[in-house]
$ cat input_20.cif   # mmCIF, C-alpha atoms
data_query
#
loop_
_atom_site.label_atom_id
_atom_site.label_comp_id
_atom_site.auth_asym_id
_atom_site.auth_seq_id
_atom_site.Cartn_x
_atom_site.Cartn_y
_atom_site.Cartn_z
CA MET A 1 -21.48 33.76 -30.18
CA ARG A 2 -19.22 33.08 -27.23
CA PHE A 3 -21.82 34.61 -24.86
CA ARG A 4 -24.48 32.31 -26.27
CA SER A 5 -22.23 29.28 -25.75
CA VAL A 6 -21.54 30.25 -22.14
CA LEU A 7 -25.23 30.84 -21.54
CA PHE A 8 -26.07 27.44 -22.98
CA SER A 9 -23.51 25.77 -20.65
CA LEU A 10 -24.95 27.53 -17.62
CA VAL A 11 -28.46 26.46 -18.53
CA ALA A 12 -27.27 22.86 -18.99
CA ILE A 13 -25.61 22.85 -15.58
CA ALA A 14 -28.73 24.31 -13.98
CA LEU A 15 -30.88 21.64 -15.60
CA SER A 16 -28.47 18.94 -14.38
CA CYS A 17 -28.81 20.27 -10.87
CA LEU A 18 -32.58 20.26 -11.06
CA VAL A 19 -32.66 16.75 -12.53
CA ALA A 20 -30.21 15.44 -9.93
CA TYR A 21 -32.06 16.86 -6.95
CA GLY A 22 -35.40 15.93 -8.43
CA ALA A 23 -34.21 12.37 -8.96
CA TYR A 24 -32.85 12.34 -5.44
CA GLY A 25 -36.26 13.33 -4.11
CA LEU A 26 -37.95 10.58 -6.10
CA LEU A 27 -35.33 7.86 -6.05
CA GLY A 28 -33.24 8.41 -2.92
CA ASP A 29 -32.11 4.81 -2.47
CA ARG A 30 -32.88 4.36 1.21
CA GLY A 31 -33.05 0.59 0.78
CA LEU A 32 -29.27 0.21 0.39
CA PRO A 33 -27.10 -1.04 1.82
CA LEU A 34 -29.31 -3.64 3.43
CA ARG A 35 -26.87 -4.00 6.34
CA ASN A 36 -23.80 -2.21 7.66
CA THR A 37 -21.19 -2.60 4.94
CA THR A 38 -17.44 -1.93 4.87
CA VAL A 39 -15.70 -0.92 1.64
CA LEU A 40 -11.99 -0.34 1.07
CA ILE A 41 -11.07 2.52 -1.23
CA ALA A 42 -7.54 1.91 -2.38
CA PRO A 43 -4.96 4.68 -2.81
CA GLY A 44 -5.10 6.23 -6.28
CA SER A 45 -8.73 5.26 -6.94
CA ASP A 46 -10.58 7.68 -9.22
CA PHE A 47 -14.22 8.57 -8.65
CA ASP A 48 -15.56 6.18 -11.31
CA SER A 49 -13.74 3.20 -9.76
CA ILE A 50 -15.00 4.25 -6.30
CA VAL A 51 -18.59 4.35 -7.56
CA ALA A 52 -18.15 0.96 -9.28
CA SER A 53 -16.86 -0.50 -6.01
CA LEU A 54 -19.88 0.84 -4.14
CA VAL A 55 -22.22 -0.74 -6.68
CA ARG A 56 -20.43 -4.11 -6.41
CA SER A 57 -20.62 -3.96 -2.62
CA GLY A 58 -24.35 -3.27 -2.68
CA VAL A 59 -24.02 0.20 -1.15
CA THR A 60 -25.90 1.98 -3.96
CA ARG A 61 -28.11 1.05 -6.89
CA HIS A 62 -28.02 4.52 -8.48
CA PRO A 63 -24.43 5.29 -9.49
CA TRP A 64 -25.60 7.96 -11.94
CA LEU A 65 -27.31 9.83 -9.12
CA LEU A 66 -24.20 9.67 -6.94
CA ARG A 67 -22.11 11.02 -9.83
CA ALA A 68 -24.63 13.82 -10.47
CA LEU A 69 -24.69 14.92 -6.83
CA ALA A 70 -20.88 14.86 -6.66
CA ARG A 71 -20.73 16.91 -9.86
CA VAL A 72 -23.18 19.45 -8.47
CA ARG A 73 -21.12 19.78 -5.28
CA GLY A 74 -17.82 19.65 -7.15
CA THR A 75 -16.48 17.23 -4.56
CA SER A 76 -15.62 14.01 -6.43
CA ALA A 77 -11.89 14.71 -6.21
CA GLU A 78 -11.99 15.13 -2.42
CA ILE A 79 -12.59 11.47 -1.52
CA ARG A 80 -9.57 9.97 0.20
CA ALA A 81 -8.33 6.39 0.34
CA GLY A 82 -9.38 4.45 3.41
CA ARG A 83 -11.71 1.86 4.86
CA TYR A 84 -15.29 3.14 4.95
CA ARG A 85 -18.18 1.74 6.97
CA PHE A 86 -21.64 2.55 5.61
CA GLN A 87 -24.69 2.17 7.80
CA ALA A 88 -27.76 0.40 6.46
CA HIS A 89 -30.39 2.32 4.49
CA LEU A 90 -28.34 5.38 3.52
CA ASP A 91 -29.78 7.76 0.94
CA THR A 92 -27.46 9.04 -1.79
CA ALA A 93 -26.79 12.41 -0.17
CA ALA A 94 -25.84 10.74 3.12
CA LEU A 95 -23.67 8.27 1.20
CA LEU A 96 -21.76 11.13 -0.43
CA ASP A 97 -21.43 12.87 2.95
CA ARG A 98 -19.94 9.69 4.41
CA LEU A 99 -17.41 9.48 1.57
CA LEU A 100 -16.41 13.11 2.04
CA ALA A 101 -15.98 12.61 5.80
CA GLY A 102 -13.09 10.24 5.09
CA GLY A 103 -12.37 6.65 6.05
CA ARG A 104 -9.93 4.96 8.37
CA ASN A 105 -6.39 5.16 7.01
CA SER A 106 -5.14 2.10 8.90
CA ILE A 107 -6.49 -1.42 9.21
CA ARG A 108 -6.26 -3.59 12.32
CA VAL A 109 -5.10 -7.10 11.43
CA THR A 110 -4.47 -10.01 13.80
CA ILE A 111 -1.86 -12.59 12.79
CA PRO A 112 -2.30 -15.81 14.84
CA GLU A 113 0.63 -17.76 16.24
CA GLY A 114 1.76 -20.53 13.93
CA PHE A 115 0.71 -18.85 10.68
CA THR A 116 3.04 -19.43 7.74
CA ASP A 117 4.21 -16.67 5.41
CA ARG A 118 1.57 -17.78 2.91
CA GLN A 119 -1.23 -17.59 5.48
CA ILE A 120 -0.06 -14.14 6.61
CA ALA A 121 -0.01 -12.91 3.00
CA GLN A 122 -3.50 -14.28 2.39
CA ARG A 123 -4.91 -12.65 5.52
CA LEU A 124 -3.35 -9.27 4.67
CA ALA A 125 -4.75 -9.51 1.14
CA ARG A 126 -8.24 -10.27 2.47
CA HIS A 127 -8.02 -7.03 4.45
CA GLY A 128 -7.16 -5.13 1.27
CA LEU A 129 -3.49 -4.65 2.19
CA GLY A 130 -1.95 -5.87 -1.03
CA ASP A 131 -1.76 -8.83 -3.37
CA ALA A 132 -1.26 -12.20 -1.66
CA THR A 133 1.24 -13.49 -4.24
CA THR A 134 3.33 -10.31 -4.10
CA LEU A 135 3.34 -10.31 -0.30
CA GLU A 136 4.27 -13.98 -0.06
CA ARG A 137 7.10 -13.52 -2.55
CA ALA A 138 8.47 -10.63 -0.49
CA PHE A 139 8.26 -12.60 2.75
CA LYS A 140 10.09 -15.55 1.21
CA HIS A 141 12.91 -13.63 -0.47
CA ASP A 142 13.52 -10.41 1.49
CA THR A 143 16.39 -10.18 3.97
CA ALA A 144 16.72 -8.76 7.47
CA VAL A 145 19.29 -8.49 10.25
CA ILE A 146 18.24 -10.02 13.57
CA ASP A 147 20.62 -9.69 16.52
CA GLY A 148 23.47 -9.10 14.08
CA VAL A 149 22.60 -12.19 12.01
CA ARG A 150 21.54 -11.66 8.39
CA ILE A 151 18.66 -13.89 7.36
CA THR A 152 17.21 -14.47 3.91
CA GLY A 153 13.51 -15.23 3.90
CA LEU A 154 11.38 -13.99 6.78
CA GLU A 155 9.46 -17.18 7.64
CA GLY A 156 9.68 -17.52 11.41
CA PHE A 157 10.58 -13.88 12.07
CA LEU A 158 7.23 -12.17 11.35
CA PHE A 159 5.94 -11.99 14.90
CA PRO A 160 2.29 -13.02 15.43
CA ASP A 161 0.38 -10.10 16.93
CA THR A 162 -2.32 -7.52 16.21
CA TYR A 163 -1.08 -4.71 13.97
CA LEU A 164 -2.46 -1.38 12.81
CA ILE A 165 -1.27 -1.22 9.20
CA PRO A 166 -1.63 1.83 6.92
CA ILE A 167 -3.75 0.94 3.89
CA ALA A 168 -1.04 2.16 1.50
CA ALA A 169 1.75 0.20 3.26
CA THR A 170 4.25 -1.58 1.03
CA PRO A 171 5.32 -5.18 1.75
CA GLU A 172 8.58 -3.78 3.10
CA GLU A 173 6.74 -1.48 5.52
CA ILE A 174 4.55 -4.34 6.72
CA GLU A 175 7.65 -6.50 7.22
CA ALA A 176 9.30 -3.69 9.19
CA GLN A 177 6.41 -3.60 11.66
CA MET A 178 6.41 -7.34 12.22
CA LEU A 179 10.20 -7.65 12.41
CA ALA A 180 10.31 -4.83 14.95
CA ARG A 181 7.90 -6.79 17.17
CA PHE A 182 10.01 -9.93 16.74
CA ARG A 183 13.12 -8.06 17.88
CA GLN A 184 11.22 -6.81 20.93
CA GLU A 185 10.15 -10.34 21.88
CA LEU A 186 13.49 -12.06 21.19
CA LEU A 187 15.38 -12.89 24.35
CA ALA A 188 18.25 -10.52 25.15
CA ASP A 189 20.67 -13.45 25.42
CA ALA A 190 19.28 -15.34 22.42
CA LEU A 191 22.61 -15.77 20.61
CA GLU A 192 24.39 -16.95 23.76
CA ARG A 193 21.63 -19.44 24.63
CA ALA A 194 21.50 -20.77 21.05
CA LYS A 195 25.26 -21.37 21.19
CA ARG A 196 24.90 -23.28 24.46
CA LEU A 197 22.20 -25.43 22.84
CA HIS A 198 24.54 -26.09 19.86
CA VAL A 199 22.26 -24.46 17.29
CA SER A 200 22.33 -21.21 15.33
CA LEU A 201 19.86 -18.39 15.90
CA VAL A 202 17.94 -19.51 12.80
CA GLY A 203 18.11 -23.09 14.09
CA ALA A 204 16.60 -22.07 17.43
CA ILE A 205 13.76 -20.19 15.72
CA THR A 206 13.23 -23.18 13.44
CA ILE A 207 12.83 -25.34 16.57
CA ALA A 208 10.44 -22.72 17.99
CA SER A 209 8.36 -22.95 14.81
CA MET A 210 8.14 -26.75 15.12
CA ILE A 211 7.08 -26.41 18.74
CA GLU A 212 4.44 -23.88 17.69
CA ARG A 213 2.93 -26.25 15.14
CA GLU A 214 3.09 -29.32 17.41
CA ALA A 215 2.03 -27.95 20.81
CA LYS A 216 -1.51 -26.97 21.71
CA ILE A 217 -0.99 -26.08 25.39
CA ASP A 218 1.82 -24.06 26.93
CA ARG A 219 2.99 -26.64 29.47
CA ASP A 220 3.86 -29.04 26.63
CA ARG A 221 6.11 -26.58 24.80
CA PRO A 222 9.29 -26.94 26.94
CA LEU A 223 8.77 -30.73 26.97
CA ILE A 224 8.51 -30.92 23.17
CA ALA A 225 11.62 -28.73 23.03
CA SER A 226 13.43 -31.23 25.24
CA VAL A 227 12.49 -34.10 22.90
CA ILE A 228 13.86 -32.17 19.92
CA TYR A 229 17.17 -31.31 21.59
CA ASN A 230 17.60 -34.82 23.01
CA ARG A 231 17.11 -36.34 19.55
CA LEU A 232 19.51 -33.83 17.98
CA ARG A 233 22.15 -34.72 20.57
CA LEU A 234 21.78 -38.43 19.78
CA GLY A 235 21.67 -37.93 16.00
CA MET A 236 18.12 -39.28 15.77
CA PRO A 237 15.73 -38.00 13.07
CA LEU A 238 13.24 -35.60 14.63
CA GLN A 239 10.26 -37.28 12.89
CA ILE A 240 7.98 -34.28 13.35
CA ASP A 241 4.81 -34.43 11.26
CA ALA A 242 4.51 -30.65 11.00
CA THR A 243 7.73 -30.45 8.98
CA VAL A 244 6.39 -33.00 6.49
CA GLU A 245 3.15 -31.06 6.19
CA TYR A 246 5.19 -27.92 5.45
CA ALA A 247 7.01 -29.76 2.67
CA LEU A 248 3.77 -30.82 0.96
CA PRO A 249 2.26 -28.56 -1.73
CA HIS A 250 -1.14 -28.54 -0.02
CA HIS A 251 -2.31 -28.71 3.59
CA ARG A 252 -3.37 -32.12 4.91
CA SER A 253 -5.24 -32.70 8.15
CA SER A 254 -3.57 -36.12 8.48
CA LEU A 255 -0.49 -37.59 6.83
CA THR A 256 -0.22 -40.82 4.88
CA TYR A 257 2.77 -43.17 4.74
CA ALA A 258 3.37 -41.87 1.21
CA ASP A 259 3.57 -38.31 2.59
CA LEU A 260 6.29 -39.39 5.01
CA ARG A 261 8.46 -40.28 2.00
CA VAL A 262 8.21 -36.86 0.32
CA ARG A 263 11.60 -35.79 -1.00
CA SER A 264 12.33 -32.55 0.83
CA PRO A 265 15.01 -31.26 3.21
CA TYR A 266 12.08 -30.40 5.50
CA ASN A 267 11.12 -34.06 5.82
CA THR A 268 12.47 -34.87 9.28
CA TYR A 269 11.61 -38.55 8.83
CA LEU A 270 14.21 -38.82 6.06
CA HIS A 271 16.76 -36.23 7.21
CA SER A 272 18.44 -35.83 10.58
CA GLY A 273 19.15 -32.46 12.12
CA VAL A 274 17.22 -29.20 12.09
CA PRO A 275 15.34 -28.35 8.87
CA PRO A 276 16.75 -25.57 6.64
CA GLY A 277 14.52 -22.92 8.18
CA PRO A 278 11.37 -22.21 10.18
CA ILE A 279 8.10 -23.82 9.11
CA ALA A 280 5.84 -21.15 10.68
CA ASN A 281 5.99 -17.94 12.67
CA PRO A 282 6.15 -18.83 16.38
CA GLY A 283 4.75 -16.84 19.29
CA ARG A 284 6.53 -15.88 22.49
CA ALA A 285 5.76 -19.09 24.42
CA SER A 286 7.28 -21.29 21.71
CA ILE A 287 10.31 -19.02 21.32
CA GLU A 288 10.80 -19.14 25.10
CA ALA A 289 10.58 -22.96 25.04
CA ALA A 290 13.10 -23.25 22.19
CA PHE A 291 15.67 -21.28 24.16
CA HIS A 292 14.75 -22.79 27.56
CA PRO A 293 13.89 -26.48 26.97
CA ALA A 294 12.92 -28.63 29.92
CA LYS A 295 15.59 -31.00 31.26
CA THR A 296 14.24 -34.50 30.54
CA ASP A 297 15.29 -37.81 29.03
CA PHE A 298 12.22 -37.87 26.76
CA LEU A 299 12.67 -38.95 23.16
CA TYR A 300 9.05 -39.45 22.13
CA TYR A 301 5.59 -37.96 22.49
CA VAL A 302 2.12 -38.70 21.23
CA ALA A 303 -1.07 -36.63 21.19
CA LYS A 304 -3.66 -37.68 23.77
CA GLY A 305 -6.61 -36.32 21.80
CA ASP A 306 -7.45 -33.52 24.22
CA GLY A 307 -4.82 -31.07 22.98
CA SER A 308 -2.11 -32.33 25.34
CA HIS A 309 0.70 -34.86 24.79
CA VAL A 310 2.13 -37.76 26.75
CA PHE A 311 5.92 -38.18 26.72
CA ALA A 312 8.20 -41.21 26.85
CA ALA A 313 11.90 -41.94 27.25
CA THR A 314 11.91 -45.38 25.60
CA LEU A 315 10.39 -46.89 22.47
CA ALA A 316 8.53 -49.45 24.62
CA GLU A 317 6.85 -46.63 26.56
CA GLN A 318 6.02 -44.84 23.34
CA THR A 319 4.50 -47.98 21.82
CA ALA A 320 2.31 -48.41 24.90
CA ASN A 321 1.24 -44.75 24.75
CA ILE A 322 0.33 -45.05 21.09
CA ALA A 323 -1.75 -48.13 21.80
CA ARG A 324 -3.52 -46.30 24.59
CA TYR A 325 -4.14 -42.89 22.99
CA GLU A 326 -4.42 -43.61 19.27
CA ARG A 327 -7.12 -46.26 19.45
#
$ encode --input "input_20.cif" --output "structure tokens"
Amino acid sequence: MRFRSVLFSLVAIALSCLVAYGAYGLLGDRGLPLRNTTVLIAPGSDFDSIVASLVRSGVTRHPWLLRALARVRGTSAEIRAGRYRFQAHLDTAALLDRLLAGGRNSIRVTIPEGFTDRQIAQRLARHGLGDATTLERAFKHDTAVIDGVRITGLEGFLFPDTYLIPIAATPEEIEAQMLARFRQELLADALERAKRLHVSLVGAITIASMIEREAKIDRDRPLIASVIYNRLRLGMPLQIDATVEYALPHHRSSLTYADLRVRSPYNTYLHSGVPPGPIANPGRASIEAAFHPAKTDFLYYVAKGDGSHVFAATLAEQTANIARYER
């Protein structure tokens, strides 16, 4: 009886093989994908979820055939996590071969200067490197030690750059990469220079983040820094639009008078001094400007409309500049 059962199983397997290869010969789906397609296979994915992902991505229209071929080869458990690029018009056998060859285990991600924690989290999530909400929460609440100073919340300290991030990286591992780059870029005498400028390290990076969001060209950055420090010295509100935008729940391309009255410690129209923390993650040029401001008597600036700014030392000059450049 047992022999008969074993024989029946062997016959069934043989028939499956014949059906699978016969179907492959008749139905090899050479029409898909229609174009080069990239699919991320997350760590811990089983074969069924991998096949479902390939169907959703338009890589195959015959999931049953892919399963049958993998079963015949006994290879479904050998597919590793990674980012896979499939060329157009693969047949099912070639598709399985590509899966077995393995994907890239790291993903290259570029974080632009001036991105906020939320924007960084969203970009990482779009590359399949985690959940945006989870990443943002980690960035906002995790702690780090920078130049001997403990900071809570990493806004401003996640250095903008291009990173090669393992696909299974945790938020903490991603943070470690970006914080390491920040430490490399931070000036060796940062604490001493911040003290001379009468701000804390966090205060200086907060100023760098405001410069990053306000300046469009590098030559303006030290000049905007000089305006900020001159106003701080005189006890004047900074009145920087970018801080108000940061305080608002949603991005606005232009602010209204109602926005300027938003109740927030980040509203530098209502509150004097440096905001509680950075409003973005600044690049090297803005960090350099925050620690090395130009020596000027400027207290005002206005955008000229071409990406640059014009600066003024008096309110009368500023009023004239506004009339000239904001028409």
$ atom_distance --input "input_20.cif" --atom1 "CA of Glu155 (chain A)" --atom2 "CA of Arg83 (chain A)"
28.6 Å
$ closest_residue --input "input_20.cif" --among "A:Gly130, A:Pro265, A:Pro160, A:Gly58" --to "Ala280 (chain A)" --atoms "all atoms listed in the file"
A:Pro160
$ closest_residue --input "input_20.cif" --among "A:Leu186, A:Val227, A:Ile174, A:Ile207" --to "Arg284 (chain A)" --atoms "all atoms listed in the file"
A:Leu186
$ resolve_selection --input "input_20.cif" --expression "the PyMOL selection byres ((chain A and resi 299-313) around 7)" --output "VMD selection string"
chain A and resid 216 to 217 220 227 230 to 231 297 to 298 314 317 to 318 322 325
$ residues_around --input "input_20.cif" --residues "Arg98 (chain A)" --least-positions-apart "2" --cutoff "12 Å" --atoms "all atoms listed in the file" --output "ChimeraX atom specification"
/A:38-39,59,78-80,82-87,90-96,100-104
$ residues_around --input "input_20.cif" --residues "Val51 (chain A)" --least-positions-apart "3" --cutoff "12 Å" --atoms "only C-alpha atoms" --output "tab-separated table (two decimals) with C-alpha atoms, in the coordinates of the input"
chain	number	residue	atom	x	y	z
A	39	VAL	CA	-15.70	-0.92	1.64
A	40	LEU	CA	-11.99	-0.34	1.07
A	41	ILE	CA	-11.07	2.52	-1.23
A	45	SER	CA	-8.73	5.26	-6.94
A	46	ASP	CA	-10.58	7.68	-9.22
A	47	PHE	CA	-14.22	8.57	-8.65
A	48	ASP	CA	-15.56	6.18	-11.31
A	54	LEU	CA	-19.88	0.84	-4.14
A	55	VAL	CA	-22.22	-0.74	-6.68
A	56	ARG	CA	-20.43	-4.11	-6.41
A	57	SER	CA	-20.62	-3.96	-2.62
A	58	GLY	CA	-24.35	-3.27	-2.68
A	59	VAL	CA	-24.02	0.20	-1.15
A	60	THR	CA	-25.90	1.98	-3.96
A	61	ARG	CA	-28.11	1.05	-6.89
A	62	HIS	CA	-28.02	4.52	-8.48
A	63	PRO	CA	-24.43	5.29	-9.49
A	64	TRP	CA	-25.60	7.96	-11.94
A	65	LEU	CA	-27.31	9.83	-9.12
A	66	LEU	CA	-24.20	9.67	-6.94
A	67	ARG	CA	-22.11	11.02	-9.83
A	68	ALA	CA	-24.63	13.82	-10.47
A	70	ALA	CA	-20.88	14.86	-6.66
A	76	SER	CA	-15.62	14.01	-6.43
A	79	ILE	CA	-12.59	11.47	-1.52
A	92	THR	CA	-27.46	9.04	-1.79
A	95	LEU	CA	-23.67	8.27	1.20
A	96	LEU	CA	-21.76	11.13	-0.43
A	99	LEU	CA	-17.41	9.48	1.57
$ closest_residue --input "input_20.cif" --among "A:Leu248, A:Leu260, A:Ile279, A:Ala190" --to "Phe291 (chain A)" --atoms "all atoms listed in the file"
A:Ala190
